[in-house]
>>> print(open('input00.csv').read())   # CSV, C-alpha atoms and all ligand atoms
chain,number,residue,atom,x,y,z
T,1,MET,CA,102.3,134.7,119.0
T,2,LYS,CA,101.5,131.0,118.9
T,3,ILE,CA,99.3,129.7,116.1
T,4,LEU,CA,97.5,126.4,116.1
T,5,GLY,CA,97.0,124.7,112.6
T,6,ILE,CA,94.5,121.9,112.0
T,7,GLU,CA,94.6,119.8,108.9
T,8,SER,CA,92.0,117.0,108.2
T,9,SER,CA,91.2,117.3,104.5
T,10,CYS,CA,92.2,113.7,103.5
T,11,ASP,CA,93.5,110.8,105.5
T,12,ASP,CA,96.1,112.6,107.7
T,13,THR,CA,95.0,114.1,111.0
T,14,SER,CA,97.6,116.7,111.7
T,15,ILE,CA,97.9,119.4,114.4
T,16,SER,CA,100.7,121.8,114.7
T,17,ILE,CA,101.7,124.8,116.9
T,18,ILE,CA,104.1,127.3,115.3
T,19,ASP,CA,105.1,130.8,116.4
T,20,ASN,CA,105.4,134.0,114.5
T,21,ASN,CA,109.2,133.6,114.3
T,22,LYS,CA,108.7,130.5,112.1
T,23,ASN,CA,109.5,128.0,114.9
T,24,ILE,CA,107.6,124.8,114.6
T,25,ILE,CA,106.9,124.1,118.3
T,26,ALA,CA,104.9,120.9,117.7
T,27,ASN,CA,103.7,119.1,114.6
T,28,GLU,CA,102.0,115.8,115.0
T,29,THR,CA,100.3,113.7,112.4
T,30,ILE,CA,98.4,110.5,112.7
T,31,SER,CA,98.4,108.8,109.3
T,32,GLN,CA,95.6,106.4,108.3
T,33,ASN,CA,97.7,104.6,105.7
T,34,GLN,CA,97.3,101.3,107.4
T,35,ILE,CA,93.5,101.7,107.5
T,36,HIS,CA,93.1,102.6,103.8
T,37,LYS,CA,95.8,100.4,102.2
T,38,ASP,CA,93.5,97.4,101.6
T,39,TYR,CA,91.3,99.6,99.5
T,40,ASN,CA,94.2,101.1,97.4
T,41,GLY,CA,92.8,104.6,98.1
T,42,VAL,CA,91.2,106.7,100.8
T,43,VAL,CA,87.7,105.6,101.9
T,44,PRO,CA,86.0,108.9,102.8
T,45,GLU,CA,83.7,107.6,105.6
T,46,LEU,CA,86.5,105.7,107.3
T,47,ALA,CA,88.8,108.7,107.1
T,48,ALA,CA,86.1,111.0,108.7
T,49,ARG,CA,85.5,108.5,111.5
T,50,ASN,CA,89.2,108.2,112.3
T,51,HIS,CA,89.7,112.0,112.3
T,52,VAL,CA,87.0,112.1,115.0
T,53,LEU,CA,88.9,109.4,117.0
T,54,TYR,CA,92.3,111.2,116.8
T,55,ILE,CA,91.8,114.9,116.6
T,56,ASP,CA,91.3,115.8,120.3
T,57,LYS,CA,93.9,113.2,121.4
T,58,ILE,CA,96.6,114.9,119.3
T,59,LEU,CA,95.8,118.4,120.6
T,60,LYS,CA,95.8,117.2,124.2
T,61,ARG,CA,99.1,115.4,123.7
T,62,ILE,CA,100.9,118.3,122.1
T,63,LEU,CA,99.7,120.9,124.6
T,64,LYS,CA,100.8,118.6,127.5
T,65,LYS,CA,104.2,117.9,125.9
T,66,GLN,CA,104.8,121.6,125.4
T,67,GLN,CA,103.4,122.5,128.8
T,68,LEU,CA,101.0,124.9,127.1
T,69,ARG,CA,97.3,125.7,127.6
T,70,ILE,CA,94.8,126.3,124.9
T,71,THR,CA,94.6,129.9,126.1
T,72,ASP,CA,98.3,130.4,125.2
T,73,ILE,CA,97.3,130.1,121.5
T,74,SER,CA,96.6,133.5,119.7
T,75,LEU,CA,95.2,132.2,116.5
T,76,ILE,CA,93.5,129.0,115.3
T,77,ALA,CA,93.7,128.1,111.6
T,78,ALA,CA,92.0,125.1,110.0
T,79,THR,CA,91.6,123.7,106.5
T,80,VAL,CA,88.3,124.6,105.0
T,81,GLY,CA,88.8,122.8,101.6
T,82,PRO,CA,89.3,121.4,99.1
T,83,GLY,CA,89.1,117.9,100.3
T,84,LEU,CA,86.8,115.1,101.6
T,85,VAL,CA,83.8,116.8,103.2
T,86,GLY,CA,83.6,114.5,106.2
T,87,GLY,CA,87.2,115.1,107.3
T,88,LEU,CA,87.0,118.8,106.6
T,89,LEU,CA,83.9,119.0,108.8
T,90,VAL,CA,85.6,117.3,111.7
T,91,GLY,CA,88.7,119.6,111.6
T,92,LEU,CA,86.7,122.7,111.0
T,93,THR,CA,84.1,122.1,113.6
T,94,PHE,CA,86.8,121.3,116.1
T,95,ALA,CA,88.7,124.5,115.3
T,96,LYS,CA,85.6,126.7,115.4
T,97,THR,CA,84.5,125.3,118.7
T,98,LEU,CA,87.9,125.8,120.3
T,99,SER,CA,87.9,129.3,118.9
T,100,GLN,CA,84.5,130.2,120.2
T,101,VAL,CA,84.8,128.6,123.7
T,102,ASN,CA,88.2,130.1,124.3
T,103,ARG,CA,87.7,133.4,122.5
T,104,ILE,CA,90.7,132.9,120.1
T,105,PRO,CA,90.5,134.3,116.6
T,106,PHE,CA,89.8,131.8,113.9
T,107,ILE,CA,90.9,131.8,110.2
T,108,GLY,CA,89.9,129.4,107.5
T,109,VAL,CA,92.7,128.2,105.1
T,110,ASN,CA,92.6,126.7,101.7
T,111,HIS,CA,94.5,123.5,101.7
T,112,LEU,CA,96.4,124.4,98.4
T,113,GLU,CA,97.3,127.7,100.0
T,114,GLY,CA,98.8,125.8,102.8
T,115,HIS,CA,101.0,123.8,100.4
T,116,ALA,CA,101.8,127.0,98.4
T,117,LEU,CA,103.1,129.0,101.4
T,118,THR,CA,105.0,126.3,103.3
T,119,ALA,CA,108.2,127.1,101.5
T,120,ARG,CA,108.0,130.5,103.1
T,121,LEU,CA,107.8,128.9,106.6
T,122,ALA,CA,111.0,127.0,106.0
T,123,ASN,CA,112.9,129.4,103.7
T,124,LYS,CA,113.2,133.1,103.0
T,125,VAL,CA,111.1,133.0,99.8
T,126,GLU,CA,109.9,136.5,98.8
T,127,TYR,CA,106.7,137.2,96.8
T,128,PRO,CA,106.0,137.0,93.9
T,129,PHE,CA,106.9,133.4,93.0
T,130,LEU,CA,106.0,130.8,90.5
T,131,LEU,CA,104.5,127.6,92.1
T,132,LEU,CA,104.2,124.1,90.9
T,133,LEU,CA,101.9,122.2,93.3
T,134,VAL,CA,102.1,118.4,92.8
T,135,SER,CA,100.1,116.3,95.3
T,136,GLY,CA,97.7,113.4,95.5
T,137,GLY,CA,94.8,115.6,94.3
T,138,HIS,CA,96.4,118.4,92.3
T,139,SER,CA,99.2,119.1,89.7
T,140,ASN,CA,99.0,122.7,88.8
T,141,PHE,CA,101.1,125.8,88.1
T,142,TYR,CA,100.1,129.1,89.8
T,143,PHE,CA,101.6,132.5,89.9
T,144,ILE,CA,101.6,133.7,93.6
T,145,SER,CA,101.8,137.5,93.5
T,146,ASP,CA,101.2,138.0,97.2
T,147,ILE,CA,99.3,136.5,100.1
T,148,ASN,CA,95.7,135.9,98.9
T,149,ASP,CA,96.6,136.7,95.3
T,150,TYR,CA,96.9,133.5,93.3
T,151,LYS,CA,96.6,132.9,89.6
T,152,PHE,CA,96.1,129.6,87.9
T,153,LEU,CA,98.4,129.0,84.9
T,154,GLY,CA,97.6,125.5,83.9
T,155,GLY,CA,97.9,121.9,85.0
T,156,THR,CA,96.9,118.3,84.6
T,157,LEU,CA,93.8,117.5,82.5
T,158,ASP,CA,93.3,114.1,84.1
T,159,ASP,CA,95.1,112.4,87.0
T,160,ALA,CA,97.1,114.3,89.6
T,161,LEU,CA,100.7,113.3,89.7
T,162,GLY,CA,100.5,111.8,93.2
T,163,GLU,CA,97.6,109.7,92.1
T,164,ALA,CA,99.5,108.4,89.1
T,165,PHE,CA,102.5,107.6,91.4
T,166,ASP,CA,100.1,105.7,93.7
T,167,LYS,CA,98.5,103.8,90.8
T,168,VAL,CA,101.7,102.8,89.2
T,169,ALA,CA,103.1,101.8,92.6
T,170,ASN,CA,100.0,99.6,93.1
T,171,ILE,CA,100.6,97.9,89.7
T,172,LEU,CA,104.2,97.2,91.0
T,173,GLY,CA,102.7,95.6,94.1
T,174,LEU,CA,103.5,98.4,96.5
T,175,ASP,CA,101.3,99.5,99.4
T,176,PHE,CA,99.2,102.7,99.3
T,177,PRO,CA,100.3,105.4,99.2
T,178,GLY,CA,103.1,104.1,96.9
T,179,GLY,CA,104.9,107.3,95.8
T,180,PRO,CA,107.7,107.1,98.4
T,181,GLN,CA,108.2,103.3,97.8
T,182,LEU,CA,108.2,103.8,94.0
T,183,GLU,CA,111.0,106.3,94.5
T,184,LEU,CA,113.1,103.7,96.4
T,185,LEU,CA,112.4,101.0,93.8
T,186,ALA,CA,113.4,103.4,91.0
T,187,MET,CA,116.8,103.9,92.6
T,188,LYS,CA,117.7,100.3,91.8
T,189,GLY,CA,116.4,100.4,88.2
T,190,ASP,CA,117.6,101.5,84.7
T,191,TYR,CA,115.2,103.7,83.0
T,192,LYS,CA,116.8,103.0,79.6
T,193,LYS,CA,115.5,99.5,79.6
T,194,VAL,CA,111.8,100.6,79.4
T,195,SER,CA,110.3,103.1,77.0
T,196,LEU,CA,107.3,105.0,78.4
T,197,PRO,CA,105.6,108.0,76.8
T,198,LYS,CA,106.0,111.6,78.0
T,199,PRO,CA,102.5,112.9,77.5
T,200,LEU,CA,102.0,116.5,76.1
T,201,ILE,CA,105.7,117.2,76.6
T,202,ASN,CA,106.0,119.2,73.4
T,203,ILE,CA,102.7,121.0,73.6
T,204,LYS,CA,103.3,124.7,74.1
T,205,SER,CA,100.8,125.0,77.0
T,206,LEU,CA,100.9,124.1,80.7
T,207,ASP,CA,98.4,121.3,80.1
T,208,MET,CA,99.7,118.0,81.5
T,209,SER,CA,98.3,114.5,81.4
T,210,PHE,CA,99.3,111.5,83.5
T,211,SER,CA,96.6,108.9,82.9
T,212,GLY,CA,98.1,107.6,79.6
T,213,LEU,CA,101.5,107.2,81.2
T,214,LYS,CA,99.9,105.2,84.0
T,215,THR,CA,98.2,102.9,81.4
T,216,ALA,CA,101.5,102.5,79.5
T,217,ALA,CA,103.1,101.5,82.7
T,218,PHE,CA,100.3,99.0,83.3
T,219,ASN,CA,100.8,97.4,79.9
T,220,CYS,CA,104.6,97.3,80.4
T,221,ASN,CA,104.1,95.6,83.7
T,222,ASN,CA,102.9,92.5,81.8
T,223,GLU,CA,106.2,92.3,80.1
T,224,ILE,CA,108.2,92.3,83.3
T,225,ASP,CA,110.6,89.3,83.6
T,226,LYS,CA,109.9,88.4,80.0
T,227,ASN,CA,112.3,90.8,78.3
T,228,ASN,CA,114.9,91.1,81.0
T,229,ILE,CA,113.2,94.1,82.5
T,230,SER,CA,112.5,94.4,86.2
T,231,ARG,CA,110.0,96.3,88.4
T,232,CYS,CA,112.8,98.6,89.3
T,233,ASP,CA,113.4,99.4,85.6
T,234,LEU,CA,109.8,100.2,85.1
T,235,ALA,CA,109.7,102.4,88.2
T,236,ALA,CA,112.8,104.2,87.1
T,237,SER,CA,111.4,104.8,83.6
T,238,PHE,CA,108.1,106.1,85.0
T,239,GLN,CA,110.0,108.5,87.2
T,240,LYS,CA,112.2,109.6,84.3
T,241,SER,CA,109.2,110.3,82.1
T,242,VAL,CA,107.6,112.4,84.9
T,243,ALA,CA,110.8,114.3,85.5
T,244,ASP,CA,111.2,115.1,81.8
T,245,VAL,CA,107.6,116.3,81.5
T,246,LEU,CA,107.8,118.4,84.7
T,247,CYS,CA,111.1,120.0,83.7
T,248,LYS,CA,109.9,120.9,80.3
T,249,LYS,CA,106.7,122.4,81.7
T,250,ILE,CA,108.5,124.3,84.5
T,251,SER,CA,110.7,125.9,81.8
T,252,LEU,CA,107.6,126.9,79.8
T,253,ALA,CA,105.9,128.2,83.0
T,254,ILE,CA,109.0,130.3,83.7
T,255,ASP,CA,108.9,131.8,80.1
T,256,ILE,CA,105.2,132.5,80.4
T,257,SER,CA,105.5,134.1,83.8
T,258,ASN,CA,108.5,136.2,82.6
T,259,LYS,CA,106.3,137.7,79.9
T,260,GLU,CA,103.0,138.0,81.9
T,261,PHE,CA,103.9,139.0,85.4
T,262,SER,CA,106.0,141.3,87.4
T,263,ILE,CA,109.7,140.6,87.9
T,264,TYR,CA,110.2,137.5,90.1
T,265,LYS,CA,113.2,135.4,91.0
T,266,ASN,CA,111.7,132.4,92.9
T,267,VAL,CA,110.2,129.1,91.9
T,268,VAL,CA,108.6,126.9,94.5
T,269,VAL,CA,107.7,123.2,94.1
T,270,SER,CA,105.4,121.9,96.9
T,271,GLY,CA,102.9,119.1,97.7
T,272,GLY,CA,103.5,115.5,98.5
T,273,VAL,CA,105.3,114.6,95.2
T,274,ALA,CA,107.8,117.4,95.9
T,275,ALA,CA,109.2,115.1,98.5
T,276,ASN,CA,110.7,113.0,95.7
T,277,ASN,CA,114.5,113.4,95.7
T,278,TYR,CA,115.0,112.4,92.1
T,279,LEU,CA,112.5,114.9,90.9
T,280,ARG,CA,114.0,117.6,93.1
T,281,LYS,CA,117.4,117.0,91.7
T,282,LYS,CA,116.2,117.2,88.1
T,283,ILE,CA,114.1,120.3,88.8
T,284,ILE,CA,117.0,122.1,90.5
T,285,GLU,CA,119.3,121.4,87.5
T,286,ASN,CA,116.6,122.6,85.1
T,287,VAL,CA,115.6,125.8,87.0
T,288,LYS,CA,119.2,126.9,87.3
T,289,LEU,CA,119.4,127.0,83.6
T,290,LYS,CA,116.6,129.6,83.6
T,291,ASN,CA,118.4,131.8,86.2
T,292,LYS,CA,115.7,131.4,88.9
T,293,LEU,CA,116.0,130.2,92.4
T,294,VAL,CA,114.1,127.0,93.3
T,295,PHE,CA,112.7,126.2,96.8
T,296,PHE,CA,111.1,123.1,98.2
T,297,PRO,CA,109.6,122.7,101.6
T,298,PRO,CA,111.6,120.2,103.8
T,299,THR,CA,110.4,116.7,102.9
T,300,ASP,CA,108.4,116.2,106.1
T,301,LEU,CA,106.4,119.4,105.3
T,302,CYS,CA,105.7,118.4,101.7
T,303,THR,CA,102.9,116.0,102.6
T,304,ASP,CA,99.9,117.2,104.5
T,305,ASN,CA,100.6,118.7,107.8
T,306,GLY,CA,99.2,121.2,110.4
T,307,ALA,CA,102.2,123.5,110.3
T,308,MET,CA,101.5,124.6,106.7
T,309,ILE,CA,97.9,125.5,107.7
T,310,ALA,CA,99.1,127.4,110.8
T,311,TRP,CA,101.6,129.3,108.7
T,312,ALA,CA,99.2,130.2,105.9
T,313,GLY,CA,96.7,131.2,108.7
T,314,TYR,CA,99.3,133.5,110.3
T,315,GLU,CA,100.2,135.1,106.9
T,316,LEU,CA,96.5,135.7,106.2
T,317,TYR,CA,95.7,137.1,109.6
T,318,THR,CA,98.7,139.5,109.6
T,319,ALA,CA,97.7,140.7,106.1
T,320,GLY,CA,94.2,141.5,107.6
T,321,VAL,CA,92.3,138.8,105.8
T,322,LYS,CA,89.4,137.7,107.8
T,323,SER,CA,87.1,134.6,107.7
T,324,LYS,CA,83.8,134.3,109.3
T,325,LEU,CA,83.1,131.7,111.9
T,326,ASN,CA,80.2,130.4,109.9
T,327,ILE,CA,82.4,129.6,106.9
T,328,LYS,CA,81.3,126.2,105.5
T,329,ALA,CA,83.5,123.2,104.6
T,330,LYS,CA,84.3,123.5,100.8
T,331,PRO,CA,85.0,120.1,99.1
T,332,ARG,CA,85.8,122.1,95.9
T,333,TRP,CA,87.6,125.4,96.4
T,334,PRO,CA,90.0,126.3,93.6
T,335,LEU,CA,93.0,128.3,94.8
T,336,GLU,CA,92.5,131.0,92.1
T,337,SER,CA,88.9,131.7,93.1
T,338,ILE,CA,89.2,131.8,96.8
T,339,GLY,CA,87.0,135.0,97.0
T,340,GLU,CA,85.6,135.9,100.4
T,341,ARG,CA,86.2,133.4,103.2
T,342,VAL,CA,82.6,132.9,104.0
E,401,LIG,O1,100.2,116.6,99.6
E,401,LIG,P1,99.8,115.3,99.9
E,401,LIG,O2,100.2,114.7,101.3
E,401,LIG,O3,98.2,115.1,99.9
E,401,LIG,C1,97.4,115.8,99.0
E,401,LIG,O4,97.1,117.0,99.2
E,401,LIG,O5,97.0,115.1,98.0
E,401,LIG,O6,100.3,114.3,98.8
E,401,LIG,C2,100.2,112.9,98.9
E,401,LIG,C3,100.8,112.3,97.6
E,401,LIG,C4,100.5,110.8,97.5
E,401,LIG,O7,100.0,110.5,96.2
E,401,LIG,C5,101.9,110.3,97.6
E,401,LIG,O8,102.2,109.0,97.0
E,401,LIG,C6,102.8,111.4,97.0
E,401,LIG,O9,102.2,112.5,97.5
E,401,LIG,N1,104.2,111.3,97.5
E,401,LIG,C7,105.2,111.0,96.7
E,401,LIG,C8,106.4,110.9,97.5
E,401,LIG,N2,106.0,111.2,98.8
E,401,LIG,C9,104.6,111.4,98.8
E,401,LIG,N3,105.3,110.8,95.4
E,401,LIG,C10,106.5,110.5,94.8
E,401,LIG,N4,107.6,110.4,95.5
E,401,LIG,C11,107.6,110.7,96.9
E,401,LIG,N5,108.7,110.6,97.6
E,402,ZN,ZN,97.8,118.1,100.4
>>> encode(input="input00.csv", output="structure tokens", more="lines below")
Ligand code: KG4
Ligand code: ZN
Amino acid sequence: MKILGIESSCDDTSISIIDNNKNIIANETISQNQIHKDYNGVVPELAARNHVLYIDKILKRILKKQQLRITDISLIAATVGPGLVGGLLVGLTFAKTLSQVNRIPFIGVNHLEGHALTARLANKVEYPFLLLLVSGGHSNFYFISDINDYKFLGGTLDDALGEAFDKVANILGLDFPGGPQLELLAMKGDYKKVSLPKPLINIKSLDMSFSGLKTAAFNCNNEIDKNNISRCDLAASFQKSVADVLCKKISLAIDISNKEFSIYKNVVVSGGVAANNYLRKKIIENVKLKNKLVFFPPTDLCTDNGAMIAWAGYELYTAGVKSKLNIKAKPRWPLESIGERV
């Protein structure tokens, strides 16, 4: 069975073909980073227009490369939301049209569900599992009991972690999206030279907050070069504060889940920020102390991609979950209240 996955919820146009044996046959993404970098963020209208330009080209290219025809595809999955409505409409309309013209079943996927389940595409991760999803738009804990059974446990009260990475990176003069470059800068810095807050670290709830940390980094940036501190030190300190907060909150989330849910052994960390190797290392050390196993998607599947949508679509389809062809794009669509896919 070959599954086509289409992702267009933000600024990446990504199409993938996977099979039911977890092989990624093709996974091609056209990133719009160069287009949006002058605005320090994604411009929705520009993103939508560029999805229109790229989407059919990517599909034609991967089918040709793999010597496949669209009729070799058994299921078409596309992101329905949450995300920027213009981009969602492009991908969703494209997927629905392909489905109807070629009589291929269609399934609508929640973008966060895609991130949540990618670890199962790459590793043998059994349900249930505790999930920390850290991306450009979300920083939340969920308990994933099974496919289509997701509970929200807590998360950021303000900025998403990826957003905070991008804003601090911008303060440090790095191009959007700055998360990966901030990580590189931090490798050369000494976190001990700069003191930044660790917001809500000792609060006994899964609430998180990253906007104050971002402001503190901004204020500290004015001190650079004056007090023998460098941009690398500031980047390292920001990353250290984030790591400490995440580790503390993951420990708490494990304790809460141990009490509230069925026995589970797996913890998954996914979303764009989960590509950060420093955070991965700290989280692995921390989760080990709690006697759980921790899984991350491979770094290239942490950021938005069509393979995660194809995989989630396949899992839903084989579990008998259906979505109607008239399902609407949903700019807001919390993972825990997915409801019927209409
Ligand atoms: O999951 P994603 O591709 O898109 C959303 O669903 O939001 O995440 C993108 C975010 C961006 O904010 C980007 O800066 C961040 O993930 N990111 C990273 C790293 N790689 C991507 N943040 C920190 N370190 C990284 N290595
Ligand atoms: Zn995403």
>>> atom_distance(input="input00.csv", atom1="atom O7 of ligand LIG 401 (chain E)", atom2="CA of Ile6 (chain T)")
20.2 Å
>>> residues_around(input="input00.csv", residues="region 34-45 of chain T", least_positions_apart="6", cutoff="7 Å", atoms="only C-alpha atoms", output="PyMOL selection string")
chain T and resi 11+84+86+175-176
>>> residues_near_ligand(input="input00.csv", ligand="ligand LIG 401 (chain E)", cutoff="7 Å", atoms="only C-alpha atoms and all ligand atoms", output="list in words")
Ser135, Gly136, Gly137, His138, Gly162, Glu163, Phe165, Asp166, Pro177, Gly178, Gly179, Pro180, Leu182, Glu183, Gly271, Gly272, Val273, Ala274, Ala275, Asn276, Asn277, Cys302, Thr303 and Asp304 of chain T
>>> atom_distance(input="input00.csv", atom1="CA of Tyr317 (chain T)", atom2="CA of Phe261 (chain T)")
25.6 Å
>>> atom_distance(input="input00.csv", atom1="CA of Arg280 (chain T)", atom2="CA of Phe218 (chain T)")
25.1 Å
>>> closest_residue(input="input00.csv", among="T:Met308, T:Arg120, T:Arg231, T:Leu63", to="ligand ZN 402 (chain E)", atoms="only C-alpha atoms and all ligand atoms")
T:Met308
>>> residues_around(input="input00.csv", residues="Phe141 (chain T)", least_positions_apart="6", cutoff="9 Å", atoms="only C-alpha atoms", output="PyMOL selection string")
chain T and resi 130-134+151-155+206+250+253
>>> closest_residue(input="input00.csv", among="T:Ala216, T:Val321, T:Ala160, T:Cys247", to="ligand ZN 402 (chain E)", atoms="all atoms listed in the file")
T:Ala160
>>> closest_residue(input="input00.csv", among="T:Ile18, T:Ile58, T:Cys10, T:Leu252", to="Leu88 (chain T)", atoms="only C-alpha atoms")
T:Cys10
>>> closest_residue(input="input00.csv", among="T:Asn102, T:Asn286, T:Asn258, T:Ser211", to="Lys167 (chain T)", atoms="all atoms listed in the file")
T:Ser211
>>> residues_around(input="input00.csv", residues="Lys240 (chain T)", least_positions_apart="6", cutoff="10 Å", atoms="only C-alpha atoms", output="list of chain:residue names")
T:Ala186, T:Asp190, T:Tyr191, T:Lys192, T:Ser195, T:Leu196, T:Lys198, T:Leu234, T:Leu246, T:Tyr278, T:Leu279, T:Lys282
>>> closest_residue(input="input00.csv", among="T:Lys214, T:His51, T:Lys2, T:His115", to="ligand ZN 402 (chain E)", atoms="only C-alpha atoms and all ligand atoms")
T:His115
>>> residues_around(input="input00.csv", residues="His111 (chain T)", least_positions_apart="5", cutoff="9 Å", atoms="all atoms listed in the file", output="mmCIF file with C-alpha atoms, in the frame of the given file")
data_model
loop_
_atom_site.group_PDB
_atom_site.id
_atom_site.type_symbol
_atom_site.label_atom_id
_atom_site.label_comp_id
_atom_site.auth_asym_id
_atom_site.auth_seq_id
_atom_site.Cartn_x
_atom_site.Cartn_y
_atom_site.Cartn_z
ATOM 1 C CA GLU T 7 94.600 119.800 108.900
ATOM 2 C CA SER T 9 91.200 117.300 104.500
ATOM 3 C CA ALA T 78 92.000 125.100 110.000
ATOM 4 C CA THR T 79 91.600 123.700 106.500
ATOM 5 C CA VAL T 80 88.300 124.600 105.000
ATOM 6 C CA GLY T 81 88.800 122.800 101.600
ATOM 7 C CA PRO T 82 89.300 121.400 99.100
ATOM 8 C CA GLY T 83 89.100 117.900 100.300
ATOM 9 C CA ALA T 116 101.800 127.000 98.400
ATOM 10 C CA ASP T 304 99.900 117.200 104.500
ATOM 11 C CA MET T 308 101.500 124.600 106.700
ATOM 12 C CA ILE T 309 97.900 125.500 107.700
ATOM 13 C CA TRP T 333 87.600 125.400 96.400
ATOM 14 C CA LEU T 335 93.000 128.300 94.800
#
>>> closest_residue(input="input00.csv", among="T:Asn148, T:Asn33, T:Thr118, T:Thr318", to="ligand ZN 402 (chain E)", atoms="all atoms listed in the file")
T:Thr118
>>> decode(input="input00.csv", residues="region 205-242 of chain T", atoms="C-alpha atoms", output="mmCIF file, in the first residue's frame")
data_model
loop_
_atom_site.group_PDB
_atom_site.id
_atom_site.type_symbol
_atom_site.label_atom_id
_atom_site.label_comp_id
_atom_site.auth_asym_id
_atom_site.auth_seq_id
_atom_site.Cartn_x
_atom_site.Cartn_y
_atom_site.Cartn_z
ATOM 1 C CA SER T 205 1.955 22.331 36.892
ATOM 2 C CA LEU T 206 2.801 21.800 33.225
ATOM 3 C CA ASP T 207 2.308 25.504 32.502
ATOM 4 C CA MET T 208 5.305 26.939 30.678
ATOM 5 C CA SER T 209 6.174 30.473 29.587
ATOM 6 C CA PHE T 210 8.867 31.585 27.176
ATOM 7 C CA SER T 211 8.066 35.231 26.481
ATOM 8 C CA GLY T 212 9.834 36.541 29.619
ATOM 9 C CA LEU T 213 12.915 34.505 28.773
ATOM 10 C CA LYS T 214 12.909 36.065 25.320
ATOM 11 C CA THR T 215 12.676 39.582 26.810
ATOM 12 C CA ALA T 216 15.492 38.797 29.257
ATOM 13 C CA ALA T 217 17.640 37.637 26.332
ATOM 14 C CA PHE T 218 16.788 40.879 24.524
ATOM 15 C CA ASN T 219 17.885 42.981 27.516
ATOM 16 C CA CYS T 220 21.053 40.931 27.880
ATOM 17 C CA ASN T 221 21.869 41.445 24.232
ATOM 18 C CA ASN T 222 22.476 45.134 24.997
ATOM 19 C CA GLU T 223 25.253 44.063 27.373
ATOM 20 C CA ILE T 224 27.110 42.008 24.770
ATOM 21 C CA ASP T 225 30.750 42.996 24.314
ATOM 22 C CA LYS T 226 30.536 45.289 27.371
ATOM 23 C CA ASN T 227 30.944 42.670 30.064
ATOM 24 C CA ASN T 228 33.112 40.186 28.251
ATOM 25 C CA ILE T 229 30.109 38.199 27.108
ATOM 26 C CA SER T 230 29.553 37.143 23.519
ATOM 27 C CA ARG T 231 26.541 36.276 21.349
ATOM 28 C CA CYS T 232 27.587 32.634 21.711
ATOM 29 C CA ASP T 233 27.410 32.893 25.526
ATOM 30 C CA LEU T 234 23.927 34.398 25.323
ATOM 31 C CA ALA T 235 22.770 31.677 22.909
ATOM 32 C CA ALA T 236 24.217 28.991 25.200
ATOM 33 C CA SER T 237 22.531 30.464 28.247
ATOM 34 C CA PHE T 238 19.158 30.681 26.452
ATOM 35 C CA GLN T 239 19.435 27.056 25.430
ATOM 36 C CA LYS T 240 20.476 26.016 28.935
ATOM 37 C CA SER T 241 17.448 27.763 30.496
ATOM 38 C CA VAL T 242 15.153 26.075 27.954
#
